[in-house]
Each structure stands twice: as structure tokens, then as C-alpha cells.
file query.cif (mmCIF, C-alpha atoms)
data_protein
loop_
_atom_site.label_atom_id
_atom_site.label_comp_id
_atom_site.auth_asym_id
_atom_site.auth_seq_id
_atom_site.Cartn_x
_atom_site.Cartn_y
_atom_site.Cartn_z
CA MET A 5 63.69 91.52 173.83
CA ASP A 6 60.97 90.06 171.61
CA ILE A 7 63.21 89.23 168.63
CA ARG A 8 60.35 88.67 166.21
CA GLN A 9 58.77 92.02 167.03
CA TYR A 10 62.18 93.74 166.90
CA MET A 11 62.89 92.33 163.43
CA HIS A 12 59.35 93.10 162.28
CA THR A 13 59.93 96.74 163.24
CA LEU A 14 63.26 96.85 161.39
CA GLY A 15 61.57 95.35 158.34
CA GLN A 16 58.73 97.87 158.34
CA GLN A 17 61.20 100.74 158.70
CA ALA A 18 63.38 99.38 155.91
CA ARG A 19 60.42 98.94 153.56
CA ALA A 20 59.30 102.52 154.14
CA ALA A 21 62.84 103.84 153.65
CA SER A 22 63.27 101.82 150.45
CA ARG A 23 60.44 103.81 148.83
CA VAL A 24 62.24 107.06 149.61
CA LEU A 25 65.58 105.75 148.35
CA ALA A 26 64.10 104.42 145.12
CA ALA A 27 62.96 107.97 144.30
CA ALA A 28 66.14 109.72 145.51
CA SER A 29 68.25 111.54 142.94
CA THR A 30 71.79 110.52 142.11
CA GLY A 31 73.00 113.80 143.59
CA THR A 32 71.30 113.16 146.92
CA LYS A 33 72.69 109.63 147.15
CA ASN A 34 76.19 110.85 146.30
CA LEU A 35 75.90 113.61 148.92
CA ALA A 36 75.06 110.97 151.52
CA LEU A 37 78.02 108.82 150.49
CA ALA A 38 80.40 111.78 150.74
CA ALA A 39 79.01 112.68 154.16
CA ILE A 40 79.42 109.11 155.43
CA ALA A 41 83.03 109.05 154.18
CA ALA A 42 83.73 112.30 156.05
CA GLU A 43 82.15 110.89 159.22
CA ILE A 44 84.29 107.74 159.00
CA ARG A 45 87.48 109.79 158.67
CA ALA A 46 86.46 112.03 161.55
CA SER A 47 85.66 108.97 163.69
CA ARG A 48 88.89 107.10 162.96
CA ALA A 49 90.00 106.95 166.60
CA LEU A 50 86.55 105.81 167.77
CA LEU A 51 86.42 103.10 165.10
CA ILE A 52 89.85 101.71 165.97
CA ALA A 53 89.05 101.78 169.69
CA ALA A 54 85.79 99.89 169.10
CA ASN A 55 87.65 97.42 166.92
CA GLY A 56 90.14 96.95 169.75
CA GLU A 57 87.29 95.90 172.04
CA ASP A 58 86.15 93.38 169.46
CA LEU A 59 89.67 92.01 168.98
CA ASP A 60 90.21 91.59 172.74
CA ALA A 61 86.95 89.65 173.03
CA ALA A 62 87.78 87.57 169.94
CA ARG A 63 91.21 86.58 171.27
CA ALA A 64 89.69 85.67 174.63
CA ALA A 65 87.18 83.48 172.79
CA GLY A 66 90.01 81.68 170.94
CA ILE A 67 89.03 82.80 167.43
CA ASP A 68 91.43 81.46 164.78
CA PRO A 69 94.13 83.66 163.17
CA ALA A 70 92.40 83.85 159.77
CA MET A 71 89.26 85.26 161.40
CA LEU A 72 91.32 87.71 163.48
CA ASP A 73 93.00 88.93 160.30
CA ARG A 74 89.61 89.64 158.71
CA LEU A 75 88.38 91.33 161.89
CA THR A 76 91.30 93.72 162.33
CA LEU A 77 90.80 97.40 161.45
CA THR A 78 93.82 99.69 160.96
CA GLU A 79 94.38 103.34 160.05
CA LYS A 80 94.91 102.16 156.48
CA SER A 81 91.70 100.14 156.36
CA VAL A 82 89.66 102.98 157.87
CA GLU A 83 90.90 105.23 155.07
CA ALA A 84 90.14 102.46 152.56
CA MET A 85 86.55 102.36 153.85
CA ALA A 86 86.15 106.11 153.36
CA ALA A 87 87.79 106.00 149.94
CA GLY A 88 85.54 103.09 148.97
CA LEU A 89 82.45 105.19 149.71
CA GLU A 90 83.80 107.99 147.50
CA GLN A 91 84.58 105.52 144.73
CA VAL A 92 81.01 104.22 144.80
CA ALA A 93 79.76 107.82 144.65
CA ALA A 94 81.86 108.33 141.50
CA LEU A 95 80.33 105.30 139.76
CA PRO A 96 77.45 105.71 137.28
CA ASP A 97 74.04 105.33 138.90
CA PRO A 98 72.31 102.31 137.36
CA VAL A 99 68.84 103.27 138.64
CA GLY A 100 66.55 104.60 135.93
CA GLU A 101 68.80 103.56 133.04
CA ILE A 102 66.70 102.55 130.02
CA THR A 103 68.19 100.11 127.53
CA GLY A 104 67.12 98.07 124.54
CA LEU A 105 64.48 100.48 123.25
CA ARG A 106 63.01 99.25 119.99
CA GLN A 107 60.08 100.20 117.84
CA ARG A 108 57.31 97.66 117.40
CA PRO A 109 55.06 97.42 114.31
CA SER A 110 52.18 98.72 116.45
CA GLY A 111 54.03 102.00 116.95
CA ILE A 112 54.95 101.54 120.62
CA GLN A 113 58.55 101.60 121.84
CA VAL A 114 59.56 98.82 124.26
CA GLY A 115 62.64 98.74 126.50
CA LYS A 116 63.88 97.91 129.98
CA MET A 117 64.54 100.20 132.96
CA ARG A 118 66.88 99.41 135.86
CA VAL A 119 65.20 99.61 139.25
CA PRO A 120 66.27 98.84 142.85
CA LEU A 121 65.53 95.43 144.33
CA GLY A 122 64.00 97.03 147.44
CA VAL A 123 65.27 95.82 150.83
CA ILE A 124 68.48 93.80 151.06
CA GLY A 125 69.40 91.77 154.13
CA ILE A 126 73.13 91.16 154.49
CA ILE A 127 74.55 88.64 156.96
CA TYR A 128 78.32 88.58 157.37
CA GLU A 129 81.14 87.56 159.68
CA ALA A 130 84.21 89.45 160.91
CA ARG A 131 85.31 92.09 158.33
CA PRO A 132 83.88 95.38 159.68
CA ASN A 133 84.60 97.08 156.34
CA VAL A 134 81.65 95.10 154.93
CA THR A 135 79.34 97.36 156.93
CA ALA A 136 80.55 100.43 155.03
CA ASP A 137 80.78 98.65 151.66
CA ALA A 138 77.28 97.22 151.98
CA ALA A 139 75.81 100.54 153.05
CA ALA A 140 77.47 102.29 150.10
CA LEU A 141 76.35 99.83 147.45
CA CYS A 142 72.81 99.52 148.74
CA LEU A 143 72.45 103.28 149.05
CA LYS A 144 73.81 104.07 145.57
CA SER A 145 71.62 101.38 143.98
CA GLY A 146 68.53 102.78 145.73
CA ASN A 147 68.03 99.89 148.16
CA ALA A 148 67.42 99.92 151.89
CA ALA A 149 69.66 97.57 153.89
CA ILE A 150 69.36 95.54 157.07
CA LEU A 151 72.85 94.50 158.15
CA ARG A 152 73.68 91.68 160.53
CA GLY A 153 77.41 91.53 161.22
CA GLY A 154 79.05 88.83 163.27
CA SER A 155 78.95 89.02 167.05
CA GLU A 156 82.76 89.22 167.00
CA ALA A 157 82.56 92.71 165.36
CA ILE A 158 79.52 94.14 167.14
CA ALA A 159 81.21 97.18 168.73
CA CYS A 160 82.95 98.30 165.55
CA ASN A 161 79.93 97.66 163.34
CA CYS A 162 77.71 99.79 165.58
CA GLN A 163 80.26 102.60 165.45
CA ILE A 164 80.38 102.43 161.64
CA ALA A 165 76.57 102.42 161.59
CA ALA A 166 76.59 105.66 163.59
CA CYS A 167 78.73 107.23 160.86
CA VAL A 168 76.33 105.96 158.20
CA HIS A 169 73.29 107.37 160.00
CA ALA A 170 74.97 110.76 160.42
CA GLY A 171 75.76 110.86 156.69
CA LEU A 172 72.21 109.88 155.71
CA LYS A 173 70.78 112.56 157.97
CA ALA A 174 73.11 115.18 156.47
CA ALA A 175 71.77 114.36 153.00
CA GLY A 176 68.13 114.42 154.11
CA LEU A 177 67.63 110.68 153.68
CA PRO A 178 65.95 108.43 156.28
CA GLU A 179 68.32 106.90 158.82
CA HIS A 180 66.36 103.67 158.51
CA ALA A 181 67.72 103.29 154.97
CA VAL A 182 70.62 101.40 156.61
CA GLN A 183 69.93 99.53 159.84
CA ILE A 184 72.29 97.41 161.93
CA ILE A 185 70.83 94.52 163.91
CA ASP A 186 72.33 95.44 167.27
CA THR A 187 71.68 92.16 169.05
CA ILE A 188 73.91 89.09 168.90
CA ASN A 189 70.93 86.82 169.44
CA ARG A 190 71.08 84.29 166.59
CA ALA A 191 67.28 84.20 166.40
CA ALA A 192 67.51 87.57 164.64
CA VAL A 193 69.02 85.86 161.60
CA GLY A 194 66.23 83.30 161.53
CA ALA A 195 63.69 86.11 161.56
CA LEU A 196 65.48 88.17 158.89
CA ILE A 197 65.57 85.34 156.35
CA THR A 198 61.89 84.50 156.83
CA MET A 199 60.38 87.95 156.26
CA PRO A 200 59.65 88.07 152.51
CA GLU A 201 57.03 90.74 153.16
CA PHE A 202 59.85 93.12 154.15
CA VAL A 203 63.06 91.70 152.65
CA ASP A 204 63.62 91.12 148.91
CA ILE A 205 67.12 89.59 148.79
CA ILE A 206 69.46 88.00 151.34
CA VAL A 207 73.24 88.17 150.85
CA PRO A 208 75.24 85.94 153.24
CA ARG A 209 78.99 86.57 153.50
CA GLY A 210 80.94 84.19 155.69
CA GLY A 211 81.93 80.59 156.21
CA LYS A 212 80.45 77.67 154.33
CA SER A 213 78.33 76.54 157.28
CA LEU A 214 76.72 79.97 157.64
CA ILE A 215 75.90 80.22 153.93
CA ALA A 216 74.61 76.64 153.79
CA ARG A 217 72.30 77.36 156.72
CA ILE A 218 70.97 80.54 155.15
CA SER A 219 70.41 78.82 151.80
CA GLU A 220 68.49 75.97 153.41
CA GLU A 221 66.31 78.03 155.76
CA SER A 222 65.67 81.27 153.87
CA ARG A 223 62.23 82.09 152.50
CA VAL A 224 63.83 85.03 150.68
CA PRO A 225 65.97 84.64 147.50
CA VAL A 226 69.70 84.35 148.30
CA ILE A 227 72.77 85.66 146.43
CA LYS A 228 75.61 83.42 147.54
CA HIS A 229 78.72 81.36 147.07
CA LEU A 230 79.45 78.50 149.45
CA ASP A 231 83.24 78.38 149.21
CA GLY A 232 86.20 79.41 147.09
CA ASN A 233 88.09 76.36 145.83
CA CYS A 234 90.04 78.30 143.19
CA HIS A 235 92.52 76.78 140.72
CA VAL A 236 95.59 77.90 138.81
CA TYR A 237 96.47 75.75 135.78
CA ILE A 238 100.01 75.93 134.36
CA ASP A 239 99.61 75.02 130.70
CA SER A 240 102.27 73.25 128.63
CA GLU A 241 102.82 76.55 126.80
CA ALA A 242 103.00 78.82 129.85
CA ASP A 243 105.56 81.63 129.89
CA PRO A 244 108.12 80.58 132.56
CA ALA A 245 108.54 84.22 133.64
CA LYS A 246 104.85 84.46 134.59
CA ILE A 247 104.45 81.20 136.50
CA VAL A 248 106.03 81.88 139.90
CA PRO A 249 104.76 85.48 140.30
CA ILE A 250 101.18 84.49 139.47
CA VAL A 251 101.13 81.40 141.70
CA GLU A 252 102.86 83.28 144.53
CA ASN A 253 100.29 86.07 144.46
CA ALA A 254 97.30 83.76 143.96
CA LYS A 255 98.26 81.56 146.91
CA THR A 256 100.31 83.59 149.35
CA GLN A 257 99.22 87.25 149.21
CA ARG A 258 96.42 86.42 151.67
CA TYR A 259 95.45 82.95 152.84
CA GLY A 260 92.00 83.67 154.25
CA THR A 261 90.16 85.03 151.20
CA CYS A 262 87.69 83.29 148.92
CA ASN A 263 89.70 84.14 145.77
CA THR A 264 92.95 82.60 147.05
CA ALA A 265 94.19 79.67 144.93
CA GLU A 266 93.75 76.32 146.69
CA THR A 267 94.75 73.90 143.92
CA LEU A 268 97.61 74.06 141.41
CA LEU A 269 97.29 72.00 138.25
CA VAL A 270 100.37 71.53 136.06
CA ALA A 271 100.50 70.14 132.52
CA SER A 272 102.79 67.12 132.39
CA ARG A 273 104.96 68.70 129.67
CA ALA A 274 105.64 71.71 131.91
CA ALA A 275 105.96 69.91 135.25
CA VAL A 276 109.69 69.07 135.31
CA THR A 277 110.72 72.68 134.65
CA ALA A 278 107.88 74.60 136.34
CA LEU A 279 107.23 72.64 139.53
CA PRO A 280 110.67 72.91 141.22
CA ALA A 281 110.66 76.72 140.93
CA VAL A 282 107.07 76.96 142.22
CA ALA A 283 107.78 74.50 145.04
CA ALA A 284 110.90 76.42 146.08
CA MET A 285 108.83 79.61 146.39
CA LEU A 286 106.09 77.82 148.35
CA ALA A 287 108.69 76.26 150.66
CA VAL A 288 110.15 79.69 151.46
CA LYS A 289 106.61 80.92 152.24
CA GLY A 290 105.99 77.94 154.53
CA VAL A 291 103.15 76.53 152.43
CA GLU A 292 102.33 72.84 152.86
CA MET A 293 102.08 71.05 149.49
CA ARG A 294 99.57 68.19 149.22
CA CYS A 295 100.82 66.48 146.10
CA CYS A 296 99.69 63.79 143.70
CA GLU A 297 102.14 60.93 143.27
CA LYS A 298 103.84 62.43 140.19
CA SER A 299 104.22 65.95 141.56
CA LEU A 300 105.49 64.58 144.87
CA ALA A 301 108.25 62.68 143.04
CA ILE A 302 109.33 65.70 140.97
CA ILE A 303 109.49 68.06 143.94
CA ALA A 304 111.25 65.50 146.15
CA GLU A 305 113.85 64.86 143.47
CA ALA A 306 114.54 68.60 143.22
CA GLY A 307 115.82 68.44 146.79
CA ILE A 308 114.17 71.64 148.02
CA GLY A 309 115.06 72.31 151.61
CA ASN A 310 112.20 72.85 154.09
CA ALA A 311 109.61 71.75 151.54
CA ARG A 312 106.53 70.50 153.41
CA LEU A 313 105.33 67.64 151.21
CA VAL A 314 102.25 65.51 151.97
CA PRO A 315 100.59 62.92 149.72
CA ALA A 316 97.26 64.30 148.48
CA ARG A 317 93.98 62.64 149.40
CA GLU A 318 90.83 62.71 147.30
CA GLU A 319 89.17 65.21 149.64
CA ASP A 320 92.05 67.68 149.15
CA TRP A 321 90.87 68.41 145.60
CA TYR A 322 87.59 69.76 147.02
CA GLU A 323 89.09 71.71 149.92
CA GLU A 324 89.05 75.45 150.56
CA PHE A 325 92.03 75.50 152.93
CA LEU A 326 92.06 79.21 153.88
CA ALA A 327 95.54 78.47 155.19
CA PRO A 328 99.15 78.04 153.94
CA VAL A 329 98.23 74.75 152.25
CA ILE A 330 97.88 74.00 148.54
CA ALA A 331 96.93 70.86 146.60
CA ILE A 332 99.11 70.08 143.56
CA LYS A 333 98.28 67.75 140.67
CA ILE A 334 99.93 66.97 137.37
CA VAL A 335 97.45 66.63 134.51
CA SER A 336 97.96 65.44 130.95
CA GLY A 337 96.96 68.80 129.45
CA ILE A 338 94.15 71.25 128.88
CA ASP A 339 91.42 68.59 128.57
CA GLU A 340 92.18 67.01 131.94
CA ALA A 341 92.68 70.42 133.58
CA ILE A 342 89.23 71.60 132.50
CA ALA A 343 87.64 68.28 133.50
CA HIS A 344 89.31 68.42 136.94
CA ILE A 345 88.21 72.00 137.57
CA ASN A 346 84.61 71.39 136.53
CA ALA A 347 84.51 68.28 138.75
CA TYR A 348 86.09 69.74 141.91
CA SER A 349 85.85 73.53 141.67
CA SER A 350 83.35 75.56 143.68
CA ALA A 351 82.71 77.61 140.50
CA HIS A 352 84.26 80.72 142.04
CA THR A 353 87.47 81.65 140.18
CA ASP A 354 89.94 79.68 138.06
CA ALA A 355 93.00 80.82 136.10
CA ILE A 356 95.19 79.53 133.29
CA ILE A 357 98.81 80.50 132.58
CA THR A 358 99.47 80.02 128.87
CA GLU A 359 100.73 81.67 125.68
CA ASN A 360 98.55 79.38 123.57
CA HIS A 361 95.56 81.44 122.39
CA THR A 362 93.47 78.38 121.50
CA ASN A 363 93.96 76.84 124.94
CA ALA A 364 93.23 80.18 126.63
CA MET A 365 89.95 80.58 124.72
CA ARG A 366 88.94 76.99 125.45
CA PHE A 367 89.60 77.59 129.14
CA LEU A 368 87.42 80.72 129.09
CA ARG A 369 84.56 78.95 127.33
CA GLU A 370 84.62 75.58 129.05
CA VAL A 371 85.50 76.28 132.69
CA ASP A 372 82.11 76.75 134.36
CA SER A 373 83.02 79.32 137.01
CA SER A 374 81.86 82.83 137.83
CA SER A 375 85.30 84.31 137.01
CA VAL A 376 87.79 82.79 134.57
CA ILE A 377 91.21 84.41 134.21
CA ILE A 378 94.05 84.24 131.67
CA ASN A 379 97.63 84.98 132.80
CA ALA A 380 96.77 86.76 136.05
CA SER A 381 96.21 85.96 139.71
CA THR A 382 92.90 84.65 141.02
CA ARG A 383 93.13 87.43 143.63
CA PHE A 384 91.78 89.84 141.00
CA ALA A 385 88.30 88.28 141.34
CA ASP A 386 87.01 91.15 143.41
CA GLY A 387 84.48 93.93 142.96
CA PHE A 388 87.00 96.73 143.44
CA GLU A 389 89.50 95.19 141.01
CA TYR A 390 86.73 94.67 138.44
CA GLY A 391 85.82 98.35 138.58
CA LEU A 392 82.60 97.87 140.54
CA GLY A 393 83.81 100.20 143.31
CA ALA A 394 83.04 97.65 145.99
CA GLU A 395 81.10 94.40 146.06
CA ILE A 396 78.24 93.17 148.15
CA GLY A 397 79.47 89.60 147.70
CA ILE A 398 80.29 87.03 145.05
CA SER A 399 77.67 84.84 143.46
CA THR A 400 78.38 81.43 141.99
CA ASP A 401 74.74 80.99 141.05
CA LYS A 402 73.67 81.47 137.45
CA LEU A 403 70.46 83.46 137.83
CA HIS A 404 70.23 87.24 138.33
CA ALA A 405 73.86 87.92 139.27
CA ARG A 406 77.11 85.97 138.85
CA GLY A 407 80.61 86.74 140.09
CA PRO A 408 81.32 89.91 142.09
CA VAL A 409 78.01 91.68 142.76
CA GLY A 410 78.18 95.46 142.53
CA LEU A 411 75.64 98.15 141.78
CA GLU A 412 74.11 96.55 138.71
CA GLY A 413 73.74 93.24 140.55
CA LEU A 414 71.65 95.01 143.19
CA THR A 415 69.11 96.15 140.63
CA SER A 416 66.51 94.42 138.52
CA GLN A 417 64.84 95.43 135.27
CA LYS A 418 61.25 96.14 134.41
CA TRP A 419 59.69 96.55 131.00
CA VAL A 420 58.76 100.07 129.98
CA VAL A 421 56.57 101.05 127.03
CA PHE A 422 56.35 104.45 125.29
CA GLY A 423 53.27 105.13 123.22
CA LYS A 424 51.54 107.95 121.38
CA GLY A 425 47.95 106.86 121.84
CA GLU A 426 48.28 103.40 120.27
CA VAL A 427 45.64 100.77 121.08
CA ARG A 428 45.90 97.07 120.41
CA GLY A 429 43.87 95.82 117.48
#
call {"tool": "encode", "arguments": {"input": "query.cif", "output": "C-alpha cells"}}
result
Amino acid sequence: MDIRQYMHTLGQQARAASRVLAAASTGTKNLALAAIAAEIRASRALLIAANGEDLDAARAAGIDPAMLDRLTLTEKSVEAMAAGLEQVAALPDPVGEITGLRQRPSGIQVGKMRVPLGVIGIIYEARPNVTADAAALCLKSGNAAILRGGSEAIACNCQIAACVHAGLKAAGLPEHAVQIIDTINRAAVGALITMPEFVDIIVPRGGKSLIARISEESRVPVIKHLDGNCHVYIDSEADPAKIVPIVENAKTQRYGTCNTAETLLVASRAAVTALPAVAAMLAVKGVEMRCCEKSLAIIAEAGIGNARLVPAREEDWYEEFLAPVIAIKIVSGIDEAIAHINAYSSAHTDAIITENHTNAMRFLREVDSSSVIINASTRFADGFEYGLGAEIGISTDKLHARGPVGLEGLTSQKWVVFGKGEVRG
């Protein structure tokens, strides 16, 4: 296969399809989404069988447990994919929305209209549900998509793509509106990210090395986050009843996600009472605790059986563990907590547990991350939980889109002017 020619063809087809999608009505797009959801439900057995092929190959290749967890498709997750498509269909269509209209002294009215970005290239690893989520969001926002899933999910992704194409056809939309790169040749990625004549935005979803490579080599703008070093800060005025449930959920609900807490900061005034209870919970869950000198002493003195305690190293404060490991540090208070987060955080998601309104508002204003949370788990930093239906990814950049990127993040705005024959003097 001539990879460059193959990708050039995909790009041409996507560009042509993007023109059709940009003009498609909300009703037509929603009809396609409903049809794709129906196809996914009808193809449940085929999807799980294809996923089984991928899992067998992944285990034979020695892929780590966290990746296997993200790769696995179940009856429940197939239904979640279908339901996700229907939820996106139920969301307001951002395309064509006009905002900010104002009258100018000349008589013209000036405002902004939301428009699709055009063609979106999405590169992702494992999680086959991303194929359906990406197709749904790109379709509803009027964008064509070129999807490049990981080689470990190739069979399942192709089966999901077949469902997508059937749904598009049922709604009278071009099948090339969503295209899967069906080769595992890595040169395809290099071609995709260097075709600005066909691709308008690249969204990489995967490990830090993948995203770093895409960011360095792409000639197309990239929506990205490199890693998820998320923090939970227990303030000196935290409600004791909220501490353990929030930390438990933030750290232990799932270890392999980018919004999982990786560092726990504890105000010195709260440490003696809060840390033993948190450490006892983490010990039961089998979580290794990489502790600063002060937190290590407090937890050790509490005599918690089976507690896995390790002295923290400087590099632990930067680490996205994606595993049952958490870094723990005692800080003097809100000032040091904010300074620590802004120095070590990946600017993804950080949370404070406090009943002090002033401290909560300072945390919101001064922590420079894409999501900042008061008295809730970092695991809420997610497109579905934020009411976006699904997300195409999370951006820690500050231009265009920040945080979970849903429909609005996949559109741009152009200026529109309404006149009644005015001419400029």
C-alpha cells in the first residue's frame, strides 16, 4: 500500500464530505445518530466478538493491565456507546447559532455565528468506545472525521465503523463523513498530521509519548493534554465526613484514567485527624502511598496494618501513576497548596475539600488548571458528567478550547453582518 496516496484519498473524501455535513440540517444529523445507535445495538454480538479478537492479541503481546481495562468492551459498554449517541442527538446543535448581535452607529448589525471546524483527525489508543463518541460529536457539530485507533483495537474499531457507515447511509449522508484508517502502519499517522490541506484539527488521545510526538510533528493545530497529574487538597477547614469518600472516589474508582487523583495535599492543621482515616482506606484498597517526611510519620504512628508506605521523591510530585499509587504531602495551608499545584500539576483537574468559602474561591481563581473542583471528586472532569454528552478529548491548552471538548469545542465562530443597504462613508 502507498500510505501517502491512501491518506491523500481519505483526506480528499473527508474534505468533500465536510461540505455536505456543514450544510446538513439538525434533523438529518440526529437521524444519522439514531440510526448508528440502532446499528450498534443490533451488532452487539459482532462487536464483542471483534473485541475478543483484539483482547486475545493484546494479551499475547503482553499489554499492561491498565491498557487491557481500557480496551475491554462489555454488554454494558456497548449499550453505553449506543446511549451516548442518543444523548448527543438530544443536545442542542451549536452550528448556525448567532450570538452577540449589536447595532453599530452605521446601521449594520454585527454578531458571530458558530460554524464547523471542517475535518478533524483523531488519533487514539485502546478504548474502542472513542470511535463511537468521536463519530457522534464530529457528526453533530457538522465536521467530517478521520479516525486512527490503536492497532490493539483494530478489529473492534472496524466493526464500529461499519455501524457508523450504515447509520450515515440510512440518513442520506456520505459514508466518508467518518472514515477509519484501516491499516496499522504507523506511517499513516505521520501522513495524517501533515495534511493541512485536508485536515483542520488533530485530536490525540492516548499516552504522553503519543501526544508529545503528535504535538512536535504535526503541521495541523492540535487539541491536547499530555498527562493528568490531578490533585486533591484537604483544607484545614474540610468537612471530615467528605474527606474519605472524595479521596476514595478520586483515587480508587479507576486507576487508569486521566482524571484520577495522583497527589494528595493535606493542610498541616488537618493532617493528624484526616490522614489516618484516608491512609486506612488506601491501605484496604492496596494503594501504595509515597509520602513526604511529615505524612510518613503521621501514618506510621497510626499503626495501620498493610499500609504500603514509601518515602516520596521529587519526581513523584510530577508523576501520573495510572496505578494504585498516590503521592502524599503535608502543606502549611492554602497558599502552599496552590503554589505546589501550579508548580507540579499538568493543568488537568484539581480539587479542594473545604467549608471555607474564601479558600474555595481562591482555589478556583488561582489554580491554573482546565477544571477546578470544590468538594467533589476529580473523576467528574469528563464531558458526559459536564453535560456535553460525550467528549472528543480534554484540552489543557488555553486557546480555542479548554477542559473537556464537546460540541461547542468542535466549532469556531465567524463574524456575520446584517445590513439594509448601508455603505461605509
call {"tool": "residues_around", "arguments": {"input": "query.cif", "residues": "Ala304 of chain A", "least_positions_apart": "6", "cutoff": "12 Å", "atoms": "only C-alpha atoms", "output": "VMD selection string"}}
result
chain A and resid 276 279 to 280 283 to 284 287 293 295 to 298 310 to 315
call {"tool": "residues_around", "arguments": {"input": "query.cif", "residues": "Ala351 of chain A", "least_positions_apart": "2", "cutoff": "7 Å", "atoms": "only C-alpha atoms", "output": "ChimeraX atom specification"}}
result
/A:349,353,372-374,400
call {"tool": "residues_near_point", "arguments": {"input": "query.cif", "point": "(97.1, 79.3, 155.1)", "cutoff": "8 Å", "atoms": "all atoms listed in the file", "output": "number ranges by chain"}}
result
A: 256, 258-260, 291, 325-329
call {"tool": "write_last_selection", "arguments": {"input": "query.cif", "atoms": "C-alpha atoms", "output": "mmCIF file, in the coordinates of the input"}}
result
data_model
loop_
_atom_site.group_PDB
_atom_site.id
_atom_site.type_symbol
_atom_site.label_atom_id
_atom_site.label_comp_id
_atom_site.auth_asym_id
_atom_site.auth_seq_id
_atom_site.Cartn_x
_atom_site.Cartn_y
_atom_site.Cartn_z
ATOM 1 C CA THR A 256 100.310 83.590 149.350
ATOM 2 C CA ARG A 258 96.420 86.420 151.670
ATOM 3 C CA TYR A 259 95.450 82.950 152.840
ATOM 4 C CA GLY A 260 92.000 83.670 154.250
ATOM 5 C CA VAL A 291 103.150 76.530 152.430
ATOM 6 C CA PHE A 325 92.030 75.500 152.930
ATOM 7 C CA LEU A 326 92.060 79.210 153.880
ATOM 8 C CA ALA A 327 95.540 78.470 155.190
ATOM 9 C CA PRO A 328 99.150 78.040 153.940
ATOM 10 C CA VAL A 329 98.230 74.750 152.250
#
call {"tool": "residues_around", "arguments": {"input": "query.cif", "residues": "Gly31 of chain A", "least_positions_apart": "4", "cutoff": "12 Å", "atoms": "all atoms listed in the file", "output": "CSV table (one decimal) with C-alpha atoms, in the frame of the given file"}}
result
chain,number,residue,atom,x,y,z
A,25,LEU,CA,65.6,105.8,148.4
A,27,ALA,CA,63.0,108.0,144.3
A,35,LEU,CA,75.9,113.6,148.9
A,36,ALA,CA,75.1,111.0,151.5
A,37,LEU,CA,78.0,108.8,150.5
A,38,ALA,CA,80.4,111.8,150.7
A,93,ALA,CA,79.8,107.8,144.6
A,94,ALA,CA,81.9,108.3,141.5
A,95,LEU,CA,80.3,105.3,139.8
A,96,PRO,CA,77.4,105.7,137.3
A,97,ASP,CA,74.0,105.3,138.9
A,143,LEU,CA,72.4,103.3,149.0
A,144,LYS,CA,73.8,104.1,145.6
A,175,ALA,CA,71.8,114.4,153.0
A,176,GLY,CA,68.1,114.4,154.1
A,177,LEU,CA,67.6,110.7,153.7
call {"tool": "resolve_selection", "arguments": {"input": "query.cif", "expression": "the PyMOL selection byres ((chain A and resi 243) around 12)", "output": "PyMOL selection string"}}
result
chain A and resi 238-242+244-250+274+277-278+356-360+378-380
call {"tool": "build_atoms", "arguments": {"input": "query.cif", "residues": "segment 225-230 of chain A", "atoms": "all heavy atoms", "output": "tab-separated table (two decimals), in the coordinates of the input"}}
result
chain	number	residue	atom	x	y	z
A	225	PRO	N	64.89	85.01	148.44
A	225	PRO	CA	65.97	84.64	147.50
A	225	PRO	C	67.35	85.02	148.04
A	225	PRO	O	67.50	86.05	148.71
A	225	PRO	CB	65.62	85.44	146.24
A	225	PRO	CG	64.15	85.66	146.33
A	225	PRO	CD	63.84	85.81	147.79
A	226	VAL	N	68.35	84.18	147.75
A	226	VAL	CA	69.70	84.35	148.30
A	226	VAL	C	70.71	84.51	147.18
A	226	VAL	O	70.71	83.75	146.20
A	226	VAL	CB	70.08	83.13	149.17
A	226	VAL	CG1	71.50	83.29	149.72
A	226	VAL	CG2	69.09	82.96	150.31
A	227	ILE	N	71.60	85.52	147.30
A	227	ILE	CA	72.77	85.66	146.43
A	227	ILE	C	73.95	85.13	147.22
A	227	ILE	O	74.27	85.65	148.28
A	227	ILE	CB	73.00	87.13	146.04
A	227	ILE	CG1	71.84	87.65	145.17
A	227	ILE	CG2	74.31	87.28	145.28
A	227	ILE	CD1	71.95	89.13	144.83
A	228	LYS	N	74.63	84.10	146.69
A	228	LYS	CA	75.61	83.42	147.54
A	228	LYS	C	76.72	82.72	146.75
A	228	LYS	O	76.60	82.48	145.55
A	228	LYS	CB	74.90	82.35	148.37
A	228	LYS	CG	74.41	81.20	147.49
A	228	LYS	CD	73.65	80.15	148.28
A	228	LYS	CE	73.32	78.93	147.44
A	228	LYS	NZ	72.53	79.24	146.23
A	229	HIS	N	77.79	82.43	147.46
A	229	HIS	CA	78.72	81.36	147.07
A	229	HIS	C	79.10	80.62	148.35
A	229	HIS	O	79.26	81.23	149.40
A	229	HIS	CB	79.96	81.91	146.35
A	229	HIS	CG	80.99	82.51	147.28
A	229	HIS	ND1	80.96	83.84	147.64
A	229	HIS	CD2	82.06	81.97	147.90
A	229	HIS	CE1	81.98	84.09	148.44
A	229	HIS	NE2	82.66	82.98	148.63
A	230	LEU	N	79.20	79.30	148.25
A	230	LEU	CA	79.45	78.50	149.45
A	230	LEU	C	80.93	78.50	149.84
A	230	LEU	O	81.26	78.59	151.01
A	230	LEU	CB	78.97	77.06	149.24
A	230	LEU	CG	77.45	76.87	149.23
A	230	LEU	CD1	77.10	75.42	148.94
A	230	LEU	CD2	76.84	77.30	150.57
